>>> print(open('data_19.pdb').read())   # PDB, C-alpha atoms
ATOM      1  CA  SER A   1     -26.037 -11.106  67.117
ATOM      2  CA  LEU A   2     -25.154 -10.468  63.498
ATOM      3  CA  PRO A   3     -22.669  -7.653  64.337
ATOM      4  CA  MET A   4     -20.804  -9.996  66.677
ATOM      5  CA  LEU A   5     -20.806 -12.768  64.078
ATOM      6  CA  ALA A   6     -19.362 -10.253  61.612
ATOM      7  CA  GLN A   7     -16.560  -9.564  64.092
ATOM      8  CA  LEU A   8     -15.936 -13.293  64.348
ATOM      9  CA  ASP A   9     -15.743 -13.628  60.555
ATOM     10  CA  LYS A  10     -13.300 -10.727  60.453
ATOM     11  CA  LYS A  11     -11.032 -12.367  63.010
ATOM     12  CA  LEU A  12     -11.336 -15.773  61.358
ATOM     13  CA  SER A  13     -10.169 -14.317  58.046
ATOM     14  CA  LYS A  14      -6.763 -13.757  59.648
ATOM     15  CA  GLN A  15      -6.453 -17.354  60.829
ATOM     16  CA  PRO A  16      -4.816 -20.241  58.949
ATOM     17  CA  PRO A  17      -7.056 -22.695  57.041
ATOM     18  CA  SER A  18      -6.581 -25.301  59.788
ATOM     19  CA  VAL A  19      -8.551 -22.978  62.089
ATOM     20  CA  LYS A  20     -10.983 -21.413  59.620
ATOM     21  CA  ASN A  21     -12.167 -24.769  58.299
ATOM     22  CA  ARG A  22     -13.181 -25.926  61.787
ATOM     23  CA  VAL A  23     -15.312 -22.902  62.692
ATOM     24  CA  HIS A  24     -18.825 -22.333  61.371
ATOM     25  CA  ALA A  25     -20.798 -19.320  62.594
ATOM     26  CA  LEU A  26     -24.599 -19.519  62.348
ATOM     27  CA  GLU A  27     -27.387 -17.279  63.576
ATOM     28  CA  ARG A  28     -30.086 -19.435  65.190
ATOM     29  CA  ASP A  29     -32.649 -19.352  67.991
ATOM     30  CA  MET A  30     -31.120 -21.447  70.789
ATOM     31  CA  ARG A  31     -34.580 -22.629  71.829
ATOM     32  CA  LYS A  32     -35.359 -24.366  68.548
ATOM     33  CA  PHE A  33     -32.773 -25.201  65.910
ATOM     34  CA  ASP A  34     -31.915 -28.028  63.528
ATOM     35  CA  LEU A  35     -28.409 -28.238  62.065
ATOM     36  CA  GLY A  36     -28.867 -31.690  60.547
ATOM     37  CA  ARG A  37     -25.931 -33.296  62.366
ATOM     38  CA  LYS A  38     -24.771 -34.564  65.737
ATOM     39  CA  PHE A  39     -21.872 -33.543  67.956
ATOM     40  CA  SER A  40     -19.852 -35.304  70.635
ATOM     41  CA  TYR A  41     -19.539 -32.105  72.688
ATOM     42  CA  ILE A  42     -21.993 -29.230  73.099
ATOM     43  CA  TYR A  43     -21.085 -26.219  75.220
ATOM     44  CA  VAL A  44     -23.473 -23.415  76.222
ATOM     45  CA  PRO A  45     -21.061 -20.659  77.330
ATOM     46  CA  PHE A  46     -21.186 -17.231  78.951
ATOM     47  CA  SER A  47     -24.276 -17.995  81.070
ATOM     48  CA  THR A  48     -26.537 -17.753  78.013
ATOM     49  CA  PHE A  49     -28.779 -20.497  79.418
ATOM     50  CA  ASN A  50     -29.707 -18.010  82.172
ATOM     51  CA  TYR A  51     -31.416 -15.865  79.517
ATOM     52  CA  LEU A  52     -34.081 -18.529  79.033
ATOM     53  CA  LEU A  53     -36.700 -17.175  81.425
ATOM     54  CA  THR A  54     -39.281 -19.966  81.477
ATOM     55  CA  ILE A  55     -39.083 -23.714  82.003
ATOM     56  CA  GLU A  56     -40.743 -24.168  78.608
ATOM     57  CA  GLU A  57     -37.932 -22.231  76.908
ATOM     58  CA  GLN A  58     -35.301 -24.155  78.861
ATOM     59  CA  LYS A  59     -36.812 -27.497  77.855
ATOM     60  CA  ASP A  60     -37.114 -26.407  74.211
ATOM     61  CA  CYS A  61     -33.423 -25.578  74.200
ATOM     62  CA  LEU A  62     -32.469 -28.858  75.880
ATOM     63  CA  HIS A  63     -34.620 -30.858  73.447
ATOM     64  CA  SER A  64     -32.832 -29.192  70.523
ATOM     65  CA  ILE A  65     -29.471 -29.947  72.141
ATOM     66  CA  LYS A  66     -30.528 -33.559  72.786
ATOM     67  CA  ASN A  67     -31.355 -34.000  69.097
ATOM     68  CA  HIS A  68     -27.826 -32.866  68.192
ATOM     69  CA  LEU A  69     -25.844 -34.768  70.834
ATOM     70  CA  SER A  70     -24.289 -38.106  69.931
ATOM     71  CA  SER A  71     -25.109 -41.117  72.134
ATOM     72  CA  ASP A  72     -21.811 -40.834  74.027
ATOM     73  CA  GLY A  73     -21.655 -37.037  73.847
ATOM     74  CA  VAL A  74     -21.280 -34.514  76.649
ATOM     75  CA  LEU A  75     -23.264 -31.333  77.341
ATOM     76  CA  VAL A  76     -21.668 -28.534  79.379
ATOM     77  CA  LEU A  77     -23.725 -25.656  80.795
ATOM     78  CA  ASP A  78     -21.952 -22.544  82.074
ATOM     79  CA  LEU A  79     -24.325 -20.818  84.511
ATOM     80  CA  LEU A  80     -24.507 -17.923  86.910
ATOM     81  CA  SER A  81     -25.255 -19.087  90.420
ATOM     82  CA  PHE A  82     -27.182 -17.227  93.099
ATOM     83  CA  SER A  83     -23.938 -16.019  94.693
ATOM     84  CA  TYR A  84     -23.102 -14.047  91.535
ATOM     85  CA  GLN A  85     -23.481 -10.301  91.840
ATOM     86  CA  PRO A  86     -26.018  -8.861  91.302
ATOM     87  CA  PHE A  87     -27.966 -12.092  91.966
ATOM     88  CA  GLY A  88     -26.919 -12.161  95.615
ATOM     89  CA  LEU A  89     -27.490  -8.420  96.013
ATOM     90  CA  VAL A  90     -30.861  -8.067  94.344
ATOM     91  CA  TYR A  91     -32.525 -10.307  96.874
ATOM     92  CA  ARG A  92     -32.632  -7.049  98.826
ATOM     93  CA  ASN A  93     -33.643  -5.162  95.656
ATOM     94  CA  ASP A  94     -32.527  -1.855  94.177
ATOM     95  CA  ILE A  95     -28.846  -2.134  95.107
ATOM     96  CA  LYS A  96     -26.583   0.240  93.193
ATOM     97  CA  VAL A  97     -22.990  -0.559  92.374
ATOM     98  CA  VAL A  98     -20.855   2.197  90.854
ATOM     99  CA  LYS A  99     -17.626   1.735  88.935
ATOM    100  CA  ARG A 100     -15.514   4.168  86.926
ATOM    101  CA  LYS A 101     -12.951   3.477  84.267
ATOM    102  CA  LYS A 102     -11.398   5.136  81.246
ATOM    103  CA  SER A 103     -12.891   4.301  77.872
ATOM    104  CA  PRO A 104     -10.561   2.156  75.716
ATOM    105  CA  PHE A 105     -11.781   4.035  72.638
ATOM    106  CA  SER A 106     -11.559   7.697  73.707
ATOM    107  CA  ASP A 107     -10.476  10.118  76.450
ATOM    108  CA  GLU A 108     -13.844   9.761  78.152
ATOM    109  CA  MET A 109     -14.407   8.374  81.634
ATOM    110  CA  ILE A 110     -17.302   5.939  81.982
ATOM    111  CA  GLU A 111     -19.317   5.616  85.168
ATOM    112  CA  LEU A 112     -21.353   2.433  85.550
ATOM    113  CA  THR A 113     -24.362   2.343  87.854
ATOM    114  CA  THR A 114     -26.277  -0.904  88.190
ATOM    115  CA  ARG A 115     -29.827  -1.219  89.464
ATOM    116  CA  ALA A 116     -31.492  -4.596  89.753
ATOM    117  CA  GLU A 117     -34.756  -6.089  90.960
ATOM    118  CA  PHE A 118     -35.473  -9.679  91.896
ATOM    119  CA  ASP A 119     -38.847 -11.381  91.453
ATOM    120  CA  SER A 120     -38.815 -14.458  93.679
ATOM    121  CA  PRO A 121     -41.864 -16.279  92.187
ATOM    122  CA  THR A 122     -40.267 -16.361  88.730
ATOM    123  CA  GLN A 123     -36.607 -16.339  89.932
ATOM    124  CA  ILE A 124     -35.990 -13.590  87.366
ATOM    125  CA  VAL A 125     -33.530 -10.772  87.904
ATOM    126  CA  LYS A 126     -34.134  -7.562  85.977
ATOM    127  CA  GLU A 127     -31.057  -5.408  85.649
ATOM    128  CA  TRP A 128     -30.488  -1.905  84.383
ATOM    129  CA  ARG A 129     -26.966  -0.673  83.655
ATOM    130  CA  TYR A 130     -26.504   3.073  83.267
ATOM    131  CA  PHE A 131     -23.337   4.106  81.433
ATOM    132  CA  THR A 132     -22.612   7.807  82.019
ATOM    133  CA  PHE A 133     -19.855   9.323  79.869
ATOM    134  CA  TYR A 134     -17.691  12.246  81.058
ATOM    135  CA  ASP A 135     -15.164  14.240  79.026
ATOM    136  CA  LYS A 136     -11.602  14.756  80.276
ATOM    137  CA  GLU A 137     -12.683  17.935  82.077
ATOM    138  CA  GLY A 138     -15.236  15.937  84.057
ATOM    139  CA  GLU A 139     -18.315  17.320  82.305
ATOM    140  CA  GLU A 140     -21.143  14.840  81.773
ATOM    141  CA  ARG A 141     -21.813  14.171  78.090
ATOM    142  CA  ARG A 142     -24.490  11.499  77.898
ATOM    143  CA  THR A 143     -25.999   8.417  79.577
ATOM    144  CA  GLU A 144     -26.847   5.167  77.845
ATOM    145  CA  VAL A 145     -29.012   2.467  79.426
ATOM    146  CA  VAL A 146     -28.840  -1.294  78.855
ATOM    147  CA  GLU A 147     -31.625  -3.473  80.248
ATOM    148  CA  TRP A 148     -31.898  -7.239  80.412
ATOM    149  CA  GLU A 149     -33.268 -10.170  82.392
ATOM    150  CA  ASN A 150     -31.716 -13.354  83.748
ATOM    151  CA  ARG A 151     -33.175 -16.329  85.560
ATOM    152  CA  PHE A 152     -31.128 -17.996  88.272
ATOM    153  CA  PHE A 153     -31.291 -21.713  88.989
ATOM    154  CA  PHE A 154     -31.110 -23.791  92.083
ATOM    155  CA  ILE A 155     -28.936 -26.723  91.059
ATOM    156  CA  GLY A 156     -31.445 -29.332  92.210
ATOM    157  CA  GLU A 157     -34.098 -27.626  90.098
ATOM    158  CA  LEU A 158     -31.815 -27.657  87.053
ATOM    159  CA  GLU A 159     -31.070 -31.348  87.559
ATOM    160  CA  CYS A 160     -34.818 -32.074  87.515
ATOM    161  CA  ILE A 161     -35.245 -30.089  84.290
ATOM    162  CA  LEU A 162     -32.338 -31.933  82.660
ATOM    163  CA  GLU A 163     -33.696 -35.286  83.800
ATOM    164  CA  SER A 164     -37.183 -34.519  82.465
ATOM    165  CA  VAL A 165     -35.702 -33.989  79.000
ATOM    166  CA  GLY A 166     -33.555 -37.141  79.106
ATOM    167  CA  PHE A 167     -30.213 -36.032  80.554
ATOM    168  CA  GLU A 168     -28.317 -37.007  83.675
ATOM    169  CA  VAL A 169     -25.795 -34.822  85.458
ATOM    170  CA  ILE A 170     -22.238 -36.172  85.579
ATOM    171  CA  ARG A 171     -20.307 -33.501  87.417
ATOM    172  CA  LYS A 172     -20.867 -30.082  89.033
ATOM    173  CA  TYR A 173     -18.072 -27.532  89.345
ATOM    174  CA  GLY A 174     -17.907 -24.137  91.050
ATOM    175  CA  GLY A 175     -15.922 -22.548  88.220
ATOM    176  CA  TYR A 176     -13.720 -23.407  85.280
ATOM    177  CA  SER A 177     -11.250 -25.547  87.221
ATOM    178  CA  LEU A 178     -11.918 -29.265  87.632
ATOM    179  CA  GLN A 179     -10.531 -28.930  91.138
ATOM    180  CA  LYS A 180     -13.099 -26.297  92.146
ATOM    181  CA  PRO A 181     -16.172 -27.902  93.725
ATOM    182  CA  LEU A 182     -19.591 -26.265  93.546
ATOM    183  CA  THR A 183     -20.522 -24.675  96.875
ATOM    184  CA  HIS A 184     -23.033 -22.098  98.143
ATOM    185  CA  THR A 185     -20.421 -19.362  97.601
ATOM    186  CA  SER A 186     -19.652 -20.226  93.960
ATOM    187  CA  GLU A 187     -20.497 -17.371  91.594
ATOM    188  CA  PHE A 188     -20.428 -19.702  88.592
ATOM    189  CA  ALA A 189     -21.689 -23.249  88.131
ATOM    190  CA  VAL A 190     -20.372 -25.510  85.374
ATOM    191  CA  ILE A 191     -22.623 -28.538  84.882
ATOM    192  CA  THR A 192     -21.700 -31.544  82.733
ATOM    193  CA  ALA A 193     -24.418 -33.942  81.583
ATOM    194  CA  ARG A 194     -25.003 -36.820  79.188
ATOM    195  CA  LEU A 195     -27.954 -38.694  77.730
ATOM    196  CA  LYS A 196     -29.576 -41.051  80.231
ATOM    197  CA  SER A 197     -29.996 -43.781  77.625
ATOM    198  CA  ASN A 198     -26.236 -44.152  77.295
ATOM    199  CA  PRO A 199     -24.825 -46.717  79.802
ATOM    200  CA  LYS A 200     -21.262 -46.161  78.640
ATOM    201  CA  ARG A 201     -19.219 -44.074  81.047
ATOM    202  CA  ASN A 202     -16.460 -41.928  79.656
ATOM    203  CA  ALA A 203     -13.252 -42.532  81.577
ATOM    204  CA  HIS A 204     -12.141 -38.902  81.376
ATOM    205  CA  LEU A 205     -15.352 -37.815  83.116
ATOM    206  CA  ASP A 206     -14.995 -40.297  85.976
ATOM    207  CA  THR A 207     -11.546 -39.201  87.003
TER     208      THR A 207
END
>>> encode(input="data_19.pdb", output="structure tokens")
Amino acid sequence: SLPMLAQLDKKLSKQPPSVKNRVHALERDMRKFDLGRKFSYIYVPFSTFNYLLTIEEQKDCLHSIKNHLSSDGVLVLDLLSFSYQPFGLVYRNDIKVVKRKKSPFSDEMIELTTRAEFDSPTQIVKEWRYFTFYDKEGEERRTEVVEWENRFFFIGELECILESVGFEVIRKYGGYSLQKPLTHTSEFAVITARLKSNPKRNAHLDT
């Protein structure tokens, strides 16, 4: 979002030129974009690929990535797996999880209540997060609601989608450690892939 990009620009302004000159912030639609150049490494972080709710959107995004990836480049997808809460909880639907913590910006206490619903035909999770604010005397002040949708992937399904666009999966990890294998209990899945047309194998990916 533009406000977040503004925060990035603000932080970058305090960095030395060696850092600032290597970072370029752009606002684009991840489904269809053209930057006019190729990259040896493309990373889709923070489970943003899970926000693409249809196979058509997922393929559009992967086609755009493919057009920007060099022949020996690597794509990394950071995904939520089905074991991630609330994904694992919403299979039973309408599960509420409550947390309380002090606001970092005021004396208020914030109570978080999460409600989620899972639609199995589309594999889409709808989630509502209710943030209730209390003053230091414990009186309720207001409630704000954030709503969004995610789509979870079975890994075999994702591999088929990648292959249909022209990628092949190299490695699958159950987190951000190379020593953490992907299992049925992994809350996160980190998938590395490359273009199928490239026969060259990168040594650092085969170790």
>>> residues_around(input="data_19.pdb", residues="range 185-193 of chain A", least_positions_apart="6", cutoff="6 Å", atoms="only C-alpha atoms", output="CSV table (one decimal) with C-alpha atoms, in the frame of the given file")
chain,number,residue,atom,x,y,z
A,74,VAL,CA,-21.3,-34.5,76.6
A,75,LEU,CA,-23.3,-31.3,77.3
A,76,VAL,CA,-21.7,-28.5,79.4
A,77,LEU,CA,-23.7,-25.7,80.8
A,78,ASP,CA,-22.0,-22.5,82.1
A,79,LEU,CA,-24.3,-20.8,84.5
A,80,LEU,CA,-24.5,-17.9,86.9
A,81,SER,CA,-25.3,-19.1,90.4
A,83,SER,CA,-23.9,-16.0,94.7
A,84,TYR,CA,-23.1,-14.0,91.5
A,168,GLU,CA,-28.3,-37.0,83.7
A,169,VAL,CA,-25.8,-34.8,85.5
A,170,ILE,CA,-22.2,-36.2,85.6
A,171,ARG,CA,-20.3,-33.5,87.4
A,172,LYS,CA,-20.9,-30.1,89.0
A,173,TYR,CA,-18.1,-27.5,89.3
A,174,GLY,CA,-17.9,-24.1,91.0
A,175,GLY,CA,-15.9,-22.5,88.2
>>> atom_distance(input="data_19.pdb", atom1="CA of Glu108 in chain A", atom2="CA of Arg129 in chain A")
17.6 Å
>>> resolve_selection(input="data_19.pdb", expression="the PyMOL selection byres ((chain A and resi 22-28) around 9)", output="ChimeraX atom specification")
/A:1-2,5,8-9,12,17-21,29-34
>>> closest_residue(input="data_19.pdb", among="A:Glu149, A:Glu111, A:Asp72, A:Glu137", to="Leu53 in chain A", atoms="all atoms listed in the file")
A:Glu149
>>> resolve_selection(input="data_19.pdb", expression="the PyMOL selection byres ((chain A and resi 113) around 10)", output="PyMOL selection string")
chain A and resi 95-100+110-112+114-115+128-132+145
>>> write_last_selection(input="data_19.pdb", atoms="C-alpha atoms", output="PDB file, in the coordinates of the input")
ATOM      1  CA  ILE A  95     -28.846  -2.134  95.107  1.00  0.00           C
ATOM      2  CA  LYS A  96     -26.583   0.240  93.193  1.00  0.00           C
ATOM      3  CA  VAL A  97     -22.990  -0.559  92.374  1.00  0.00           C
ATOM      4  CA  VAL A  98     -20.855   2.197  90.854  1.00  0.00           C
ATOM      5  CA  LYS A  99     -17.626   1.735  88.935  1.00  0.00           C
ATOM      6  CA  ARG A 100     -15.514   4.168  86.926  1.00  0.00           C
ATOM      7  CA  ILE A 110     -17.302   5.939  81.982  1.00  0.00           C
ATOM      8  CA  GLU A 111     -19.317   5.616  85.168  1.00  0.00           C
ATOM      9  CA  LEU A 112     -21.353   2.433  85.550  1.00  0.00           C
ATOM     10  CA  THR A 114     -26.277  -0.904  88.190  1.00  0.00           C
ATOM     11  CA  ARG A 115     -29.827  -1.219  89.464  1.00  0.00           C
ATOM     12  CA  TRP A 128     -30.488  -1.905  84.383  1.00  0.00           C
ATOM     13  CA  ARG A 129     -26.966  -0.673  83.655  1.00  0.00           C
ATOM     14  CA  TYR A 130     -26.504   3.073  83.267  1.00  0.00           C
ATOM     15  CA  PHE A 131     -23.337   4.106  81.433  1.00  0.00           C
ATOM     16  CA  THR A 132     -22.612   7.807  82.019  1.00  0.00           C
ATOM     17  CA  VAL A 145     -29.012   2.467  79.426  1.00  0.00           C
TER      18      VAL A 145
END
>>> atom_distance(input="data_19.pdb", atom1="CA of His63 in chain A", atom2="CA of Pro181 in chain A")
27.6 Å
>>> closest_residue(input="data_19.pdb", among="A:Glu144, A:Asp135, A:Glu159, A:Asp119", to="Lys59 in chain A", atoms="only C-alpha atoms")
A:Glu159
>>> atom_distance(input="data_19.pdb", atom1="CA of Ser71 in chain A", atom2="CA of Phe46 in chain A")
25.1 Å
>>> residues_around(input="data_19.pdb", residues="range 37-40 of chain A", least_positions_apart="5", cutoff="6 Å", atoms="only C-alpha atoms", output="list in words")
His68, Leu69, Ser70 and Gly73 of chain A
>>> closest_residue(input="data_19.pdb", among="A:Ile55, A:Ile42, A:Leu195, A:Leu158", to="Thr122 in chain A", atoms="only C-alpha atoms")
A:Ile55
>>> resolve_selection(input="data_19.pdb", expression="the PyMOL selection byres ((chain A and resi 123-126) around 9)", output="PyMOL selection string")
chain A and resi 53+86-87+90+115-122+127-128+147-153
